[in-house]
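Colleague: Here you go, protein38.txt (compact mmCIF, C-alpha atoms and all ligand atoms):
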# COMPACT_ATOMS: atom_id res chain seq x y z
CA ALA A 752 4.00 -5.20 -5.61
CA PHE A 753 5.73 -1.98 -6.45
CA VAL A 754 9.03 -1.78 -8.32
CA PRO A 755 9.49 0.81 -11.04
CA GLU A 756 12.10 -0.62 -13.36
CA ARG A 757 12.87 -0.45 -17.01
CA GLU A 758 13.37 -4.09 -17.75
CA ASP A 759 10.89 -6.90 -17.43
CA GLN A 760 12.21 -9.87 -15.61
CA THR A 761 9.97 -12.56 -14.33
CA ALA A 762 11.18 -14.12 -11.11
CA ALA A 763 11.91 -17.81 -10.99
CA ILE A 764 8.96 -19.88 -9.85
CA ARG A 765 10.19 -21.17 -6.55
CA GLY A 766 9.05 -19.88 -3.19
CA ARG A 767 10.00 -21.08 0.22
CA THR A 768 8.35 -20.59 3.52
CA LEU A 769 10.72 -19.38 6.18
CA HIS A 770 9.46 -18.84 9.66
CA LYS A 771 6.05 -19.47 11.00
CA SER A 772 4.81 -16.76 13.35
CA HIS A 773 8.06 -15.81 15.03
CA SER A 774 7.45 -14.01 18.26
CA LEU A 775 7.24 -10.24 18.03
CA ASN A 776 5.98 -9.65 21.52
CA SER A 777 2.80 -8.28 20.03
CA VAL A 778 0.40 -7.65 22.83
CA VAL A 779 -3.04 -9.11 22.52
CA ALA A 780 -5.59 -6.33 22.54
CA SER A 781 -7.32 -6.12 25.84
CA SER A 782 -10.72 -4.53 25.57
CA ASN A 783 -10.30 -1.36 27.62
CA LYS A 784 -6.65 -0.57 26.99
CA VAL A 785 -5.62 2.00 24.41
CA ASN A 786 -3.30 0.96 21.57
CA LEU A 787 -0.66 3.69 21.26
CA LEU A 788 -0.10 2.76 17.58
CA ASP A 789 -3.50 4.35 16.91
CA PHE A 790 -2.17 7.88 17.60
CA ASP A 791 -0.16 10.24 15.44
CA ARG A 792 2.14 12.65 17.32
CA GLN A 793 -0.60 15.13 18.15
CA GLY A 794 -2.97 12.37 19.25
CA LEU A 795 -0.29 10.89 21.48
CA ARG A 796 0.40 14.28 23.07
CA ASP A 797 -3.33 14.75 23.71
CA PHE A 798 -3.57 11.29 25.23
CA PHE A 799 -0.69 11.98 27.61
CA THR A 800 -2.32 15.25 28.65
CA GLN A 801 -5.55 13.36 29.32
CA ILE A 802 -3.80 10.94 31.67
CA GLY A 803 -2.20 13.87 33.50
CA GLU A 804 1.27 13.72 31.96
CA LYS A 805 3.39 16.29 30.15
CA PRO A 806 3.06 16.10 26.35
CA TYR A 807 6.83 15.84 25.86
CA ARG A 808 6.61 12.45 27.53
CA ALA A 809 4.52 11.34 24.57
CA GLU A 810 7.39 12.22 22.27
CA GLN A 811 9.83 10.28 24.41
CA VAL A 812 7.63 7.21 24.17
CA MET A 813 7.05 7.77 20.46
CA LYS A 814 10.78 7.61 19.85
CA TRP A 815 10.97 4.32 21.72
CA ILE A 816 8.12 2.89 19.66
CA TYR A 817 9.29 3.88 16.17
CA HIS A 818 13.05 4.29 16.44
CA ASP A 819 13.82 1.47 18.83
CA LEU A 820 10.79 -0.66 17.89
CA GLU A 821 10.16 -1.20 21.57
CA ASP A 822 6.75 -2.50 22.64
CA ASN A 823 7.42 -3.04 26.30
CA PHE A 824 7.14 0.02 28.57
CA GLU A 825 9.44 -1.59 31.12
CA ASN A 826 12.35 -1.29 28.69
CA MET A 827 11.89 2.47 28.18
CA THR A 828 14.74 3.40 30.47
CA ASP A 829 14.38 7.18 30.37
CA VAL A 830 10.73 6.99 31.38
CA GLY A 831 10.25 7.05 35.16
CA LYS A 832 9.17 3.93 36.98
CA ALA A 833 5.82 5.36 38.07
CA LEU A 834 4.91 6.45 34.56
CA ARG A 835 5.95 3.08 33.14
CA ALA A 836 3.58 1.38 35.57
CA LYS A 837 0.81 3.83 34.69
CA LEU A 838 1.28 3.24 30.97
CA THR A 839 1.32 -0.53 31.39
CA GLU A 840 -1.99 -0.17 33.22
CA ALA A 841 -3.70 2.12 30.69
CA CYS A 842 -2.33 1.23 27.29
CA TYR A 843 -0.28 -1.10 25.11
CA ILE A 844 1.74 -1.08 21.90
CA GLY A 845 0.04 -3.69 19.76
CA ALA A 846 1.25 -4.47 16.24
CA PRO A 847 -0.53 -7.09 14.14
CA LYS A 848 0.48 -10.71 14.65
CA THR A 849 2.59 -12.44 12.01
CA LEU A 850 0.79 -15.58 10.88
CA LEU A 851 3.17 -16.44 8.10
CA ASP A 852 6.12 -14.95 6.33
CA LYS A 853 7.54 -16.00 3.01
CA VAL A 854 10.57 -15.01 0.99
CA ALA A 855 10.59 -15.23 -2.81
CA THR A 856 13.63 -16.31 -4.78
CA ASP A 857 14.26 -12.66 -5.69
CA GLY A 858 14.32 -11.60 -2.02
CA THR A 859 10.80 -10.16 -1.99
CA HIS A 860 9.27 -10.76 1.41
CA LYS A 861 5.59 -11.21 2.21
CA TRP A 862 3.95 -11.26 5.63
CA LEU A 863 0.48 -12.53 6.34
CA LEU A 864 -0.72 -10.53 9.32
CA GLY A 865 -3.66 -11.59 11.46
CA MET A 866 -6.40 -9.06 12.16
CA ASP A 867 -9.61 -10.14 13.87
CA SER A 868 -12.00 -13.07 13.45
CA GLY A 869 -10.42 -14.97 10.61
CA ASN A 870 -9.24 -11.92 8.68
CA ALA A 871 -5.68 -11.45 7.52
CA ILE A 872 -3.92 -8.96 5.28
CA GLU A 873 -0.67 -8.96 3.37
CA THR A 874 2.38 -6.69 3.50
CA VAL A 875 5.23 -6.97 1.01
CA TYR A 876 8.87 -5.86 1.17
CA ILE A 877 10.81 -5.41 -2.07
CA PRO A 878 14.58 -5.06 -1.65
CA GLU A 879 16.61 -3.43 -4.42
CA PRO A 880 20.27 -2.39 -4.50
CA THR A 881 19.58 1.25 -3.63
CA ARG A 882 16.30 1.09 -1.78
CA GLY A 883 13.82 -1.08 0.07
CA THR A 884 10.12 -0.58 -0.55
CA LEU A 885 7.35 -1.70 1.76
CA CYS A 886 3.93 -2.19 0.19
CA VAL A 887 1.27 -1.61 2.87
CA SER A 888 -2.43 -2.57 2.95
CA SER A 889 -5.20 -0.18 4.00
CA GLN A 890 -8.34 -2.34 4.10
CA ILE A 891 -9.37 -5.95 4.60
CA GLY A 892 -10.43 -6.67 1.03
CA CYS A 893 -11.65 -3.85 -1.21
CA ALA A 894 -15.06 -2.55 -2.22
CA LEU A 895 -14.13 -1.12 -5.62
CA ASN A 896 -14.32 -4.36 -7.59
CA CYS A 897 -11.69 -3.58 -10.23
CA GLN A 898 -12.04 -6.52 -12.57
CA PHE A 899 -8.34 -7.38 -12.88
CA CYS A 900 -7.43 -7.29 -9.18
CA SER A 901 -7.45 -10.28 -6.90
CA THR A 902 -8.11 -8.16 -3.79
CA GLY A 903 -11.24 -6.85 -5.52
CA ALA A 904 -12.40 -10.38 -6.19
CA GLN A 905 -12.10 -11.13 -2.46
CA GLY A 906 -14.84 -8.68 -1.57
CA PHE A 907 -14.72 -6.19 1.30
CA ASN A 908 -14.76 -6.64 5.05
CA ARG A 909 -13.62 -3.44 6.82
CA ASN A 910 -11.15 -0.60 7.08
CA LEU A 911 -7.89 -1.17 8.92
CA SER A 912 -7.24 0.95 12.01
CA THR A 913 -4.27 3.31 12.17
CA ALA A 914 -2.53 0.78 14.44
CA GLU A 915 -3.10 -1.98 11.89
CA ILE A 916 -1.66 0.17 9.10
CA ILE A 917 1.40 1.62 10.85
CA GLY A 918 1.75 -1.74 12.62
CA GLN A 919 2.62 -3.29 9.24
CA VAL A 920 5.61 -0.96 8.95
CA TRP A 921 6.52 -1.64 12.57
CA VAL A 922 6.44 -5.43 12.11
CA ALA A 923 8.46 -5.30 8.88
CA ALA A 924 10.96 -2.84 10.37
CA LYS A 925 11.44 -5.06 13.41
CA TYR A 926 11.80 -8.14 11.28
CA LEU A 927 14.28 -6.49 8.90
CA GLY A 928 16.34 -4.81 11.63
CA ASN A 929 15.43 -1.34 10.38
CA VAL A 930 16.86 1.53 12.40
CA THR A 931 15.38 4.95 11.65
CA HIS A 932 18.08 7.50 10.70
CA GLN A 933 20.81 4.80 10.82
CA ASN A 934 20.25 1.52 9.06
CA ARG A 935 17.30 2.11 6.83
CA ARG A 936 16.06 -1.15 5.38
CA ILE A 937 12.72 0.46 4.58
CA THR A 938 13.49 3.55 2.48
CA ASN A 939 10.07 3.84 0.82
CA VAL A 940 6.50 3.01 1.75
CA VAL A 941 3.77 2.65 -0.86
CA MET A 942 0.09 2.38 0.03
CA MET A 943 -0.37 -0.16 -2.75
CA GLY A 944 -1.33 -3.30 -0.87
CA MET A 945 -4.87 -4.52 -0.28
CA GLY A 946 -7.61 -1.91 -0.28
CA GLU A 947 -8.35 1.59 -1.53
CA PRO A 948 -6.42 3.90 0.83
CA LEU A 949 -8.51 7.01 0.18
CA ALA A 950 -11.65 5.08 1.17
CA ASN A 951 -10.07 4.78 4.64
CA PHE A 952 -8.97 8.39 4.70
CA ASP A 953 -8.56 9.27 8.39
CA ASN A 954 -6.70 6.16 9.45
CA VAL A 955 -4.44 6.16 6.39
CA LEU A 956 -3.67 9.86 6.94
CA LYS A 957 -2.65 9.29 10.56
CA ALA A 958 -0.51 6.31 9.57
CA MET A 959 1.20 8.31 6.81
CA LYS A 960 1.88 11.13 9.29
CA LEU A 961 3.69 8.57 11.44
CA MET A 962 5.67 7.35 8.41
CA ARG A 963 6.77 10.94 7.72
CA ASP A 964 7.31 12.14 11.30
CA ASP A 965 10.90 12.48 12.48
CA LEU A 966 9.92 10.71 15.68
CA GLY A 967 8.15 8.09 13.56
CA PHE A 968 9.82 6.42 10.59
CA GLY A 969 11.16 9.77 9.32
CA LEU A 970 10.54 9.27 5.59
CA ALA A 971 10.63 12.21 3.16
CA SER A 972 7.46 13.12 1.23
CA LYS A 973 8.82 11.62 -1.98
CA ARG A 974 9.27 8.30 -0.22
CA VAL A 975 5.70 7.84 0.97
CA THR A 976 3.28 7.16 -1.88
CA LEU A 977 -0.47 6.76 -1.84
CA SER A 978 -2.01 4.96 -4.77
CA THR A 979 -5.68 5.47 -5.59
CA ALA A 980 -8.18 4.15 -8.09
CA GLY A 981 -9.39 7.77 -8.34
CA LEU A 982 -11.70 8.95 -5.55
CA VAL A 983 -11.72 12.52 -6.86
CA PRO A 984 -12.91 14.60 -3.86
CA LEU A 985 -10.53 12.75 -1.57
CA ILE A 986 -7.56 13.48 -3.84
CA ASP A 987 -8.21 17.18 -3.16
CA GLN A 988 -8.65 16.52 0.54
CA LEU A 989 -5.35 14.62 0.64
CA SER A 990 -3.44 17.44 -1.01
CA ASP A 991 -4.59 19.76 1.78
CA ALA A 992 -3.81 17.31 4.55
CA ILE A 993 -0.26 16.05 3.99
CA ASP A 994 2.76 16.10 1.69
CA VAL A 995 3.12 12.68 0.12
CA SER A 996 3.50 11.37 -3.41
CA LEU A 997 0.49 10.38 -5.46
CA ALA A 998 0.00 7.44 -7.81
CA VAL A 999 -3.21 7.05 -9.79
CA SER A 1000 -4.41 3.74 -11.21
CA LEU A 1001 -5.54 4.56 -14.73
CA HIS A 1002 -5.37 1.33 -16.80
CA ALA A 1003 -7.37 2.80 -19.69
CA ALA A 1004 -7.46 6.24 -21.28
CA ASN A 1005 -11.03 6.05 -22.57
CA ASP A 1006 -14.11 6.05 -20.35
CA GLU A 1007 -15.85 3.08 -21.90
CA LEU A 1008 -12.98 0.69 -21.31
CA ARG A 1009 -12.03 2.19 -17.94
CA THR A 1010 -15.58 1.81 -16.64
CA GLU A 1011 -15.54 -1.81 -17.72
CA LEU A 1012 -12.27 -2.45 -15.89
CA MET A 1013 -12.88 -0.14 -12.92
CA PRO A 1014 -16.53 0.48 -11.96
CA ILE A 1015 -15.45 3.57 -9.94
CA ASN A 1016 -14.95 5.32 -13.30
CA LYS A 1017 -18.72 5.63 -13.65
CA ARG A 1018 -18.77 7.85 -10.57
CA TYR A 1019 -15.54 9.74 -11.34
CA PRO A 1020 -14.86 9.61 -15.07
CA ILE A 1021 -11.48 10.35 -16.63
CA ALA A 1022 -12.04 14.08 -17.23
CA GLU A 1023 -12.85 14.66 -13.55
CA LEU A 1024 -9.93 12.54 -12.46
CA LEU A 1025 -7.55 14.47 -14.70
CA ALA A 1026 -8.85 17.78 -13.41
CA ALA A 1027 -8.16 16.61 -9.84
CA CYS A 1028 -4.65 15.59 -10.89
CA GLN A 1029 -4.08 19.00 -12.46
CA ARG A 1030 -5.19 20.66 -9.20
CA TRP A 1031 -2.79 18.40 -7.28
CA VAL A 1032 0.14 19.35 -9.51
CA ALA A 1033 -0.77 23.04 -9.32
CA ARG A 1034 -0.76 22.91 -5.53
CA LYS A 1035 2.40 20.85 -5.29
CA PRO A 1036 4.52 22.14 -8.16
CA ARG A 1037 7.61 20.21 -7.14
CA THR A 1038 5.88 16.84 -7.23
CA SER A 1039 4.66 14.72 -10.08
CA ILE A 1040 2.01 12.05 -10.30
CA THR A 1041 2.63 8.50 -11.46
CA PHE A 1042 -0.10 6.90 -13.54
CA GLU A 1043 -0.26 3.13 -13.19
CA TYR A 1044 -1.27 1.21 -16.27
CA THR A 1045 -1.57 -2.57 -16.04
CA LEU A 1046 -1.12 -4.18 -19.44
CA MET A 1047 -3.66 -6.90 -20.22
CA LYS A 1048 -3.43 -8.95 -23.37
CA GLY A 1049 -5.74 -7.70 -26.10
CA VAL A 1050 -7.64 -5.49 -23.64
CA ASN A 1051 -5.71 -2.23 -23.23
CA ASP A 1052 -2.33 -2.95 -24.84
CA GLN A 1053 -2.94 -1.99 -28.47
CA PRO A 1054 -1.34 0.96 -30.35
CA GLU A 1055 -4.65 2.85 -30.25
CA HIS A 1056 -4.66 2.58 -26.44
CA ALA A 1057 -1.12 3.97 -26.30
CA ARG A 1058 -2.24 6.85 -28.54
CA GLN A 1059 -5.14 7.63 -26.20
CA LEU A 1060 -2.79 7.56 -23.23
CA ILE A 1061 -0.29 9.86 -24.95
CA LYS A 1062 -3.06 12.35 -25.66
CA LEU A 1063 -4.16 12.25 -22.05
CA MET A 1064 -0.61 12.68 -20.71
CA ARG A 1065 -0.20 15.88 -22.75
CA LYS A 1066 -2.52 17.50 -20.21
CA LEU A 1067 -0.10 16.53 -17.43
CA PRO A 1068 3.34 17.05 -18.94
CA THR A 1069 5.25 16.70 -15.65
CA CYS A 1070 3.70 13.33 -14.80
CA LYS A 1071 4.86 9.86 -15.67
CA VAL A 1072 3.49 6.47 -16.57
CA ASN A 1073 4.31 3.23 -14.82
CA LEU A 1074 3.47 0.17 -16.91
CA ILE A 1075 2.69 -2.99 -14.94
CA PRO A 1076 2.57 -6.35 -16.72
CA PHE A 1077 -0.68 -7.99 -15.57
CA ASN A 1078 -0.17 -10.53 -12.78
CA PRO A 1079 -2.54 -13.46 -13.06
CA PHE A 1080 -4.50 -14.97 -10.15
CA PRO A 1081 -6.89 -17.94 -9.95
CA GLY A 1082 -10.21 -17.34 -11.67
CA THR A 1083 -9.16 -14.26 -13.64
CA GLN A 1084 -10.35 -13.75 -17.19
CA PHE A 1085 -7.31 -11.62 -18.11
CA ALA A 1086 -3.82 -12.54 -19.29
CA ARG A 1087 -0.48 -10.73 -19.31
CA SER A 1088 0.39 -8.93 -22.53
CA ASP A 1089 3.15 -10.51 -24.62
CA ALA A 1090 6.65 -9.17 -24.07
CA ALA A 1091 6.62 -7.69 -27.59
CA ALA A 1092 3.35 -5.86 -26.98
CA ILE A 1093 4.67 -4.47 -23.68
CA HIS A 1094 7.86 -3.32 -25.38
CA ASP A 1095 5.98 -1.69 -28.27
CA PHE A 1096 3.55 0.04 -25.93
CA GLN A 1097 6.41 1.51 -23.90
CA SER A 1098 8.33 2.57 -27.03
CA GLN A 1099 5.29 4.31 -28.43
CA LEU A 1100 4.94 6.36 -25.24
CA LEU A 1101 8.65 7.11 -24.96
CA ASN A 1102 8.81 8.20 -28.61
CA ALA A 1103 6.00 10.64 -27.89
CA GLY A 1104 8.02 12.09 -25.01
CA VAL A 1105 6.03 10.53 -22.17
CA LEU A 1106 8.28 9.45 -19.30
CA THR A 1107 7.38 5.77 -19.05
CA MET A 1108 8.77 3.07 -16.81
CA LEU A 1109 8.13 -0.62 -16.79
CA ARG A 1110 7.55 -2.11 -13.37
CA ARG A 1111 9.53 -5.26 -12.98
CA THR A 1112 7.45 -8.13 -11.67
CA ARG A 1113 8.71 -9.10 -8.24
CA GLY A 1114 7.77 -11.82 -5.82
CA ASP A 1115 5.29 -13.51 -8.11
CA ASP A 1116 6.43 -16.96 -7.01
CA ILE A 1117 4.88 -16.22 -3.62
CA ASP A 1118 1.87 -14.34 -5.03
CA ALA A 1119 3.29 -11.05 -3.77
CA ALA A 1120 3.12 -9.16 -7.07
CA CYS A 1121 0.70 -6.26 -7.78
CA GLY A 1122 -2.89 -7.35 -7.69
CA GLN A 1123 -2.11 -10.75 -6.20
CA LEU A 1124 -2.56 -9.84 -2.55
CA ALA A 1125 -5.59 -11.66 -1.26
CA GLY A 1126 -5.03 -12.32 2.45
CA GLN A 1127 -7.98 -13.94 4.16
CA VAL A 1128 -11.09 -11.86 3.86
CA ALA A 1129 -14.31 -12.75 5.62
CA ASP A 1130 -16.20 -11.29 2.67
CA ARG A 1131 -19.24 -9.19 3.47
CA THR A 1132 -20.05 -8.50 -0.15
CA ARG A 1133 -20.36 -12.10 -1.33
CA ARG A 1134 -17.98 -11.30 -4.14
CA SER A 1135 -15.64 -14.16 -3.27
CA ALA A 1136 -18.54 -16.59 -3.76
CA GLU A 1137 -18.96 -15.25 -7.29
CA LEU A 1138 -15.26 -15.71 -7.90
CA ARG A 1139 -15.38 -19.31 -6.70
CA LYS A 1140 -18.30 -19.91 -9.08
CA ARG A 1141 -16.22 -18.46 -11.93
CA GLN A 1142 -13.28 -20.64 -10.96
CA ASN A 1143 -15.49 -23.74 -10.94
CA GLN A 1144 -16.95 -22.85 -14.31
CA GLY A 1145 -13.39 -22.40 -15.57
CA ALA A 1146 -12.53 -25.85 -14.29
CA LEU A 1147 -15.58 -27.29 -16.07
CA HIS A 1148 -14.58 -25.62 -19.33
CA ALA A 1149 -11.15 -27.15 -18.99
CA LEU A 1150 -12.61 -30.66 -18.77
N1 LIG B 1201 -6.63 0.72 -4.56
C1 LIG B 1201 -5.39 1.38 -4.85
C2 LIG B 1201 -4.23 0.63 -4.30
C3 LIG B 1201 -3.92 -0.69 -5.00
S1 LIG B 1201 -2.37 -0.51 -5.65
C4 LIG B 1201 -5.27 1.63 -6.35
O1 LIG B 1201 -6.16 1.19 -7.07
O2 LIG B 1201 -4.37 2.31 -6.78
C5 LIG B 1201 -2.08 -1.83 -6.59
C6 LIG B 1201 -1.76 -1.47 -8.03
O3 LIG B 1201 -1.69 -2.70 -8.76
C7 LIG B 1201 -2.88 -0.67 -8.67
O4 LIG B 1201 -2.39 0.18 -9.66
C8 LIG B 1201 -3.71 -1.75 -9.25
O5 LIG B 1201 -4.56 -1.29 -10.25
C9 LIG B 1201 -2.65 -2.69 -9.79
N2 LIG B 1201 -3.14 -4.05 -10.00
C10 LIG B 1201 -4.25 -4.60 -9.48
N3 LIG B 1201 -4.39 -5.87 -9.90
C11 LIG B 1201 -3.34 -6.13 -10.69
C12 LIG B 1201 -2.90 -7.29 -11.41
N4 LIG B 1201 -3.59 -8.43 -11.36
N5 LIG B 1201 -1.75 -7.20 -12.10
C13 LIG B 1201 -1.04 -6.06 -12.11
N6 LIG B 1201 -1.41 -4.95 -11.46
C14 LIG B 1201 -2.54 -4.97 -10.76
Step by step, read the file and then write its structure as C-alpha cells.
Modeller:
Amino acid sequence: AFVPEREDQTAAIRGRTLHKSHSLNSVVASSNKVNLLDFDRQGLRDFFTQIGEKPYRAEQVMKWIYHDLEDNFENMTDVGKALRAKLTEACYIGAPKTLLDKVATDGTHKWLLGMDSGNAIETVYIPEPTRGTLCVSSQIGCALNCQFCSTGAQGFNRNLSTAEIIGQVWVAAKYLGNVTHQNRRITNVVMMGMGEPLANFDNVLKAMKLMRDDLGFGLASKRVTLSTAGLVPLIDQLSDAIDVSLAVSLHAANDELRTELMPINKRYPIAELLAACQRWVARKPRTSITFEYTLMKGVNDQPEHARQLIKLMRKLPTCKVNLIPFNPFPGTQFARSDAAAIHDFQSQLLNAGVLTMLRRTRGDDIDAACGQLAGQVADRTRRSAELRKRQNQGALHAL
C-alpha cells in the first residue's frame, strides 16, 4: 500500500477483524438494468438523452451518487417522482459488495470486495495526519507476472468494469463518512492495488475521470495517481487523455535484472520506458513522475544498483524515487533488504541529488502492504497452481 514517508517503521503484528459485510444497500445486478456507476459524466448525459431526459438531470443524479453517496433513487428529493420511477425501472447504482473489512493496528483499512463467481479484490485505505490515501484495484489478478508481487502470483482473471473501480472509492467513502468538498477522508487515490491499470485502459480512464470530476469525487490531478509497470504506448495515450499523476514501477535500472524481475521489460525495455517518461514530462511540465523501487535483499539493493539508478535519474532531473521495502508473502523467494542496506541505498541517492523517499510500510499485519494484495482470483492462467507447488516445495525444504 502507498505511503511515501522518510522513515521506515514496521507496524505491530496484530490485526483485528471488525465488521463482516455491513449493509451498504448495494443493489444486486439485475441482468438488463444499467449500472450508473459505469458512466463518466459524458456517458451519463448521453444515457439520460437516450431515455428521453434532459442531460442536466444526469448531473443532478451524479451529484447524489458521488457527493451524497446515495444509491436509492427514491431518496433523490430534487428529482421528480416520475423520473425516479423511470430510473428505478431502467437502472441501478451498484457498488461492489463488502465481504470483509479489516483494520490494522496502524489504522490502515482493507476491504475485500466481492465481484462475480468466486472472485474478490482488495481496496486499502491509509490514514495519515494530513491526508487519507485510497489504494484502488484495476483488475482481478494481474497478467504481468512480476516475480516479487503476490497479485502476479495469483494469475489473471479479468478486467474490472468502471463501476467496479469507482465503486471501490464509493464503498470506502461511504464507510469512512467522506463528504466531497466538506469532510474529505479520502484526499488521494492511487491506482496501486491489484492489477495493471493501463492494461484496463478505458475503464480505468472513465473511473479516474469520475475521481477528478467536480460532480464526482472532485480530486485535483496531483491527488489521483496511476502506477504502471511500464506499458509504453499506453503511457503516451494516458497523457493525451487525462491530467493525473504518474508513477512508474522500475525496481531495477539495468535491463538484465529488470527483465528477470518484470517480464514486461522484454517488450518495453528501460530505454523505451525512459523515453516515454521524458515525453510525459515534456507534455506536462508542471508534473513529475515517481519511480517506485522495491528493495529486495541481495537482488537490487547494492551500491552498484544505486549507481545505475542515479545515472538513469539524471535523464529525468525533475522526477523522484520512492523506495519500498519489499513486503513478503507466502511462497516468495525474495526477502526485505536489511534496514542498513535500505538506509545506505537512500543516502547514496540523496547524496547524488536524487529526490528519494522511503515508503513506510503500512498495514502489513493485515496483508495490506504493497504487493500483498491477493484477493480471491479464479485464476485463468494457472499461475496460482505454480505458486502452490513452490510453497509446497518450500515446506518440504523446511522439513
Ligand atoms: N501494476 C501496477 C500497479 C501495482 S502498484 C504497477 O506495477 O505499478 C503496486 C506497487 O507495489 C508497484 O510499484 C509494485 O511493483 C510494488 N510491489 C509489488 N509487489 C511488492 C512487494 N511484495 N513488496 C513491495 N512492493 C511491491
Colleague: May I ask which of the residues A:Leu1060, A:Leu863, A:Leu982, A:Met942 is the closest one to Leu851 of chain A, counting only C-alpha atoms?
Modeller: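 Closest to Leu851 of chain A of all the choices is A:Leu863.
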Colleague: From the set A:Pro1014, A:Pro1081, A:Gly903, A:Gly1104, which residue has the shortest atom-to-atom contact distance to Arg1065 of chain A, counting all atoms listed in the file?
Modeller: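 Looking at the shortest contact to Arg1065 of chain A, the residue is A:Gly1104.
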Colleague: Do a neighbour search on segment 992-997 of chain A at 8 Å with all atoms listed in the file, toss out local chain neighbours closer than 5 positions, and write the hits as a list of chain:residue names.
Modeller: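 Those residues are A:Leu956, A:Lys960, A:Ser972, A:Lys973, A:Arg974, A:Val975, A:Thr976, A:Leu977, A:Ser978, A:Thr979, A:Thr1038, A:Ser1039, A:Ile1040, A:Thr1041.
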Colleague: Suppose you want the space between atom CA of Gln1097 of chain A and atom N3 of ligand LIG 1201 (chain B); what is it in Å?
Modeller: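 According to the coordinates, atom CA of Gln1097 of chain A and atom N3 of ligand LIG 1201 (chain B) are separated by 19.2 Å.
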Colleague: Mind listing the residues within 8 Å of ligand LIG 1201 (chain B), all atoms listed in the file counted, as a PDB file with C-alpha atoms, in the frame of the given file?
Modeller:
ATOM      1  CA  ALA A 752       4.000  -5.200  -5.610  1.00  0.00           C
ATOM      2  CA  PHE A 753       5.730  -1.980  -6.450  1.00  0.00           C
ATOM      3  CA  CYS A 893     -11.650  -3.850  -1.210  1.00  0.00           C
ATOM      4  CA  LEU A 895     -14.130  -1.120  -5.620  1.00  0.00           C
ATOM      5  CA  CYS A 897     -11.690  -3.580 -10.230  1.00  0.00           C
ATOM      6  CA  PHE A 899      -8.340  -7.380 -12.880  1.00  0.00           C
ATOM      7  CA  CYS A 900      -7.430  -7.290  -9.180  1.00  0.00           C
ATOM      8  CA  SER A 901      -7.450 -10.280  -6.900  1.00  0.00           C
ATOM      9  CA  THR A 902      -8.110  -8.160  -3.790  1.00  0.00           C
ATOM     10  CA  MET A 942       0.090   2.380   0.030  1.00  0.00           C
ATOM     11  CA  MET A 943      -0.370  -0.160  -2.750  1.00  0.00           C
ATOM     12  CA  GLY A 944      -1.330  -3.300  -0.870  1.00  0.00           C
ATOM     13  CA  MET A 945      -4.870  -4.520  -0.280  1.00  0.00           C
ATOM     14  CA  GLY A 946      -7.610  -1.910  -0.280  1.00  0.00           C
ATOM     15  CA  GLU A 947      -8.350   1.590  -1.530  1.00  0.00           C
ATOM     16  CA  PRO A 948      -6.420   3.900   0.830  1.00  0.00           C
ATOM     17  CA  LEU A 977      -0.470   6.760  -1.840  1.00  0.00           C
ATOM     18  CA  SER A 978      -2.010   4.960  -4.770  1.00  0.00           C
ATOM     19  CA  THR A 979      -5.680   5.470  -5.590  1.00  0.00           C
ATOM     20  CA  ALA A 980      -8.180   4.150  -8.090  1.00  0.00           C
ATOM     21  CA  GLY A 981      -9.390   7.770  -8.340  1.00  0.00           C
ATOM     22  CA  ALA A 998       0.000   7.440  -7.810  1.00  0.00           C
ATOM     23  CA  VAL A 999      -3.210   7.050  -9.790  1.00  0.00           C
ATOM     24  CA  SER A1000      -4.410   3.740 -11.210  1.00  0.00           C
ATOM     25  CA  LEU A1001      -5.540   4.560 -14.730  1.00  0.00           C
ATOM     26  CA  HIS A1002      -5.370   1.330 -16.800  1.00  0.00           C
ATOM     27  CA  GLU A1043      -0.260   3.130 -13.190  1.00  0.00           C
ATOM     28  CA  TYR A1044      -1.270   1.210 -16.270  1.00  0.00           C
ATOM     29  CA  THR A1045      -1.570  -2.570 -16.040  1.00  0.00           C
ATOM     30  CA  LEU A1046      -1.120  -4.180 -19.440  1.00  0.00           C
ATOM     31  CA  ILE A1075       2.690  -2.990 -14.940  1.00  0.00           C
ATOM     32  CA  PRO A1076       2.570  -6.350 -16.720  1.00  0.00           C
ATOM     33  CA  PHE A1077      -0.680  -7.990 -15.570  1.00  0.00           C
ATOM     34  CA  ASN A1078      -0.170 -10.530 -12.780  1.00  0.00           C
ATOM     35  CA  PRO A1079      -2.540 -13.460 -13.060  1.00  0.00           C
ATOM     36  CA  PHE A1080      -4.500 -14.970 -10.150  1.00  0.00           C
ATOM     37  CA  ALA A1120       3.120  -9.160  -7.070  1.00  0.00           C
ATOM     38  CA  CYS A1121       0.700  -6.260  -7.780  1.00  0.00           C
ATOM     39  CA  GLY A1122      -2.890  -7.350  -7.690  1.00  0.00           C
ATOM     40  CA  GLN A1123      -2.110 -10.750  -6.200  1.00  0.00           C
TER      41      GLN A1123
END
Colleague: List the neighbours of Ile1093 of chain A out to 9 Å using all atoms listed in the file; skip same-chain residues closer than 3 positions along the sequence, and give me the result as a list of chain:residue names.
Modeller: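 Here the qualifying residues turn out to be A:Leu1046, A:Asp1052, A:Leu1074, A:Pro1076, A:Ser1088, A:Asp1089, A:Ala1090, A:Phe1096, A:Gln1097, A:Ser1098, A:Leu1109.
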Colleague: Near Met1064 of chain A, counting all atoms listed in the file, which residues have an atom at most 8 Å away, once you skip same-chain residues fewer than 6 positions from it, shown as an MDAnalysis selection string?
Modeller: chainID A and resid 1070:1071 1105
Colleague: Could you please take those selected residues and save C-alpha atoms as a PDB file, keeping the file's coordinate frame?
Modeller:
ATOM      1  CA  CYS A1070       3.700  13.330 -14.800  1.00  0.00           C
ATOM      2  CA  LYS A1071       4.860   9.860 -15.670  1.00  0.00           C
ATOM      3  CA  VAL A1105       6.030  10.530 -22.170  1.00  0.00           C
TER       4      VAL A1105
END
Colleague: Skipping near chain neighbours, those fewer than 5 positions away, what residues fall within 7 Å of segment 922-932 of chain A using only C-alpha atoms, listed as an NGL selection string?
Modeller: :A and (818 or 820 or 846 or 937 or 968-969)
Colleague: As an exercise, work out the distance from atom CA of Trp921 of chain A to atom CA of Gln890 of chain A in Å and give it to one decimal place.
Modeller: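 According to the coordinates, atom CA of Trp921 of chain A and atom CA of Gln890 of chain A are separated by 17.1 Å.
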Colleague: List as JSON, numbers by chain the protein and nucleic acid residues near segment 1021-1024 of chain A, meaning an atom at most 12 Å away when all atoms listed in the file are counted, but skip any in the same chain fewer than 5 places from it.
Modeller: {"A": [979, 980, 981, 982, 983, 984, 985, 986, 987, 999, 1000, 1001, 1002, 1003, 1004, 1005, 1006, 1007, 1008, 1009, 1010, 1013, 1015, 1016, 1029, 1030, 1031, 1042, 1059, 1060, 1063, 1064, 1066, 1067]}
